[in-house]
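This report refers to the structure that appears directly beneath it.
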Amino acid sequence: MTKRLKIAIQSKGRLAEESLDLLQACGIKFRRSKDKLFWYGENFPLDVIRLRDDDIPQVMNAGVCELGIVGENVAAEVRYELEKLGKSVEFELLEALGFGRCRLSIAAPEGGVFETLASLNGKTIATSYPYILSAFLKDNDVQANVVELKGSVEIAPSLGVADAIADLVSTGSTLVAHRLAELDVMLQSEAGLYQSMCEKTVEQQELIDRLLLRIRGYQSAQASKYVMLHAPKNKIDAITAILPGVETPTLMNLEHDEERVALHAVCKEGVFWGHLEELKEAGASAILVLPVEKMLG
Ligand code: PRT
Ligand code: ZN
């Protein structure tokens, strides 16, 4: 019975570096194979297989990898495709990872005749996501022709290949550069940790639970700050109320100071300059904000 796990991540591209960084931030050290496509986990029984992102849901569906990191957009497209083909979907989202954020939108030439989704009835839309687009059009009662393009979707309208497009957008600058305006958002997406629903050994399930705990610990540490400050004793409640995401702070006496205490707290949400200004106004002094490296429990 196997006691190791395999995770598929993107080999090159927008999610590649952050996927690997996340696993390394979980304390896992890897030894790379010569071709760099297989990375062996040296201090945690997790091996990395590096693939094109489009293949990641498929290897989980086939049970070849127990885990995968891929954009929700790609996972959704493969899910719709499998459903359409009458095949079973054998992977599910375990945890959204907060990077690779984008949206899958429908866009048409700026200032043109297509300003609403309904105006695309009977028209042609180019996309690399034909299954998501077809399902979206069906849900919205729009009948349009879907043309699948593997890349450079944004140039389809100017080439006369399509009237509109459905493509990923993050900053929106590609749309602006091609004089396209967004009509509708079909899907919001970020990278996710997925698991295959294939049968796993008890050891593999335990490893997945341990990995997930580390990932969640890393994510909350990233979002958290450790705040130290001096607070007048009669202002402790007011000052605690300003600190974002704090339940109970730790209070410590200050030497030779009867009026004030040292207050330490882990803020589970972002601490911004605005918060520091409010704290100062409420009577806090000597305010220090420190990053949190690791967090568990
Ligand atoms: O080779 P492989 O198949 O593995 O990679 P790929 O070329 O298919 O994908 P890649 O590396 O470009 O993107 C991987 C994943 O990153 C996507 O599936 C999304 O989940 C996520 N992601 C996040 C994005 C974007 N943001 C994004 N902006 N993927 C693509 N884009 C493209 C978009 O297609 C368009 O051409 O960037 C352009 C738009 O960007 P803006 O900033 O101008 O709006
Ligand atoms: Zn791809």
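How things are named: the first chain in the structure tokens is A, the next is B, and so on; residues count from 1 in each chain; ligands count from 1 in the order shown.
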
Could you report the residues within 12 Å of ligand 2, using only C-alpha atoms and all ligand atoms, as a PyMOL selection string? chain A and resi 9-16+51-57+70-71+73-75+77-78+128-129+150-151+168

Per DSSP on the backbone, what are the strand (DSSP E) residues of range 52-214 of chain A, as a PyMOL selection string? chain A and resi 67-71+91-96+102-109+124-127+145-148+164-169+180-189+191-196

As a VMD selection string, please: every residue in range 28-244 of chain A that a backbone DSSP assignment puts in alpha helix (DSSP H). chain A and resid 56 to 61 72 to 84 130 to 139 156 to 159 173 to 177 202 to 223 236 to 242

Give one line per residue of range 91-161 of chain A that approaches range 183-192 of chain A to at most 9 Å, naming the two atoms of the closest pair and their distance in Å to one decimal, counting only C-alpha atoms; sort by chain then ascending residue number and deliver it as CSV.
```
residue,atom,partner,partner_atom,distance
A:Leu93,CA,A:Gly192,CA,6.5
A:Leu94,CA,A:Gly192,CA,7.3
A:Glu95,CA,A:Gly192,CA,5.7
A:Ala96,CA,A:Gly192,CA,4.3
A:Leu97,CA,A:Gly192,CA,5.1
A:Gly98,CA,A:Glu190,CA,6.1
A:Phe99,CA,A:Ala191,CA,5.7
A:Gly100,CA,A:Glu190,CA,5.0
A:Arg101,CA,A:Glu190,CA,4.2
A:Cys102,CA,A:Ser189,CA,5.3
A:Arg103,CA,A:Gln188,CA,4.4
A:Leu104,CA,A:Leu187,CA,5.1
A:Ser105,CA,A:Val185,CA,4.3
A:Ile106,CA,A:Asp184,CA,5.3
A:Ala107,CA,A:Leu183,CA,5.2
A:Ala108,CA,A:Leu183,CA,7.0
A:Phe114,CA,A:Leu183,CA,8.3
A:Glu115,CA,A:Leu183,CA,6.4
A:Thr116,CA,A:Leu183,CA,6.0
A:Leu117,CA,A:Leu183,CA,6.5
A:Ile132,CA,A:Met186,CA,8.0
A:Leu133,CA,A:Met186,CA,7.7
A:Phe136,CA,A:Met186,CA,6.8
```

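Distance check against Met60 in chain A using only C-alpha atoms: of A:Met197, A:Ala118, A:Ala135, A:Leu276, the minimum falls on A:Met197.
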
Within 12 Å of Ile28 in chain A, counting only C-alpha atoms, which residues qualify if same-chain residues fewer than 6 places away don't, as number ranges by chain? A: 20-22, 39-48, 210-211, 214-215

If you count only C-alpha atoms and all ligand atoms, the residue of A:Pro244, A:Gly86, A:Gly297, A:Gly172 closest to ligand 1 turns out to be A:Gly172

In Å, how far is it from CA of Glu277 in chain A to CA of Thr250 in chain A?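 Pair CA of Glu277 in chain A / CA of Thr250 in chain A returns 21.2 Å.
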
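The nearest approach to Cys65 in chain A among the residues A:Val142, A:Leu175, A:Leu5, A:Ala166, with only C-alpha atoms taken into account, belongs to A:Leu5.
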
Report the distance between CA of Leu279 in chain A and CA of Tyr226 in chain A in Å, rounded to one decimal place. 14.6 Å

Top pick for closest residue to Val227 in chain A, considering A:Leu290, A:Ile125, A:Leu251, A:Ala241 and counting only C-alpha atoms: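 Smallest separation from Val227 in chain A among the options: A:Leu290.
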
Could you work out how far CA of Ala282 in chain A lies from CA of Met252 in chain A, giving the answer in Å with one decimal?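 Result for CA of Met252 in chain A versus CA of Ala282 in chain A: 18.7 Å, one decimal.
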
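Nearest to ligand 1 of all the residues A:Asp163, A:Glu17, A:Asp35, A:Asp257 is A:Glu17, based on only C-alpha atoms and all ligand atoms.
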
In terms of only C-alpha atoms and all ligand atoms, the residue from A:Val292, A:Leu137, A:Leu180, A:Val146 at minimal distance from ligand 1 is A:Leu180

Near-Leu149 in chain A list (12 Å; only C-alpha atoms; drop same-chain fewer than 5 positions) as a list in words: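 Near Leu149 in chain A, the qualifying residues are Ile125, Ala126, Thr127, Ser128, Tyr129, Pro130, Glu154, Ile155, Ala156, Val161, Ala162, Ile165, Ala166 and Asp167 of chain A.
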
Would you mind exporting the chosen residues as a PDB file, in the first residue's frame, restricted to C-alpha atoms?
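Okay, result_3.pdb is ready:
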```
ATOM      1  CA  ILE A 125     -18.133  34.118 -29.679  1.00  0.00           C
ATOM      2  CA  ALA A 126     -14.508  32.917 -29.631  1.00  0.00           C
ATOM      3  CA  THR A 127     -13.108  31.310 -26.482  1.00  0.00           C
ATOM      4  CA  SER A 128     -10.712  28.770 -25.028  1.00  0.00           C
ATOM      5  CA  TYR A 129     -13.486  27.792 -22.592  1.00  0.00           C
ATOM      6  CA  PRO A 130     -16.215  26.380 -24.886  1.00  0.00           C
ATOM      7  CA  GLU A 154      -8.525  38.715 -27.924  1.00  0.00           C
ATOM      8  CA  ILE A 155      -7.655  39.273 -31.586  1.00  0.00           C
ATOM      9  CA  ALA A 156     -10.600  37.228 -32.920  1.00  0.00           C
ATOM     10  CA  VAL A 161     -13.337  35.466 -36.762  1.00  0.00           C
ATOM     11  CA  ALA A 162     -15.893  36.290 -34.076  1.00  0.00           C
ATOM     12  CA  ILE A 165     -14.917  36.798 -27.014  1.00  0.00           C
ATOM     13  CA  ALA A 166     -15.018  34.994 -23.683  1.00  0.00           C
ATOM     14  CA  ASP A 167     -11.590  35.127 -22.042  1.00  0.00           C
TER      15      ASP A 167
END
```
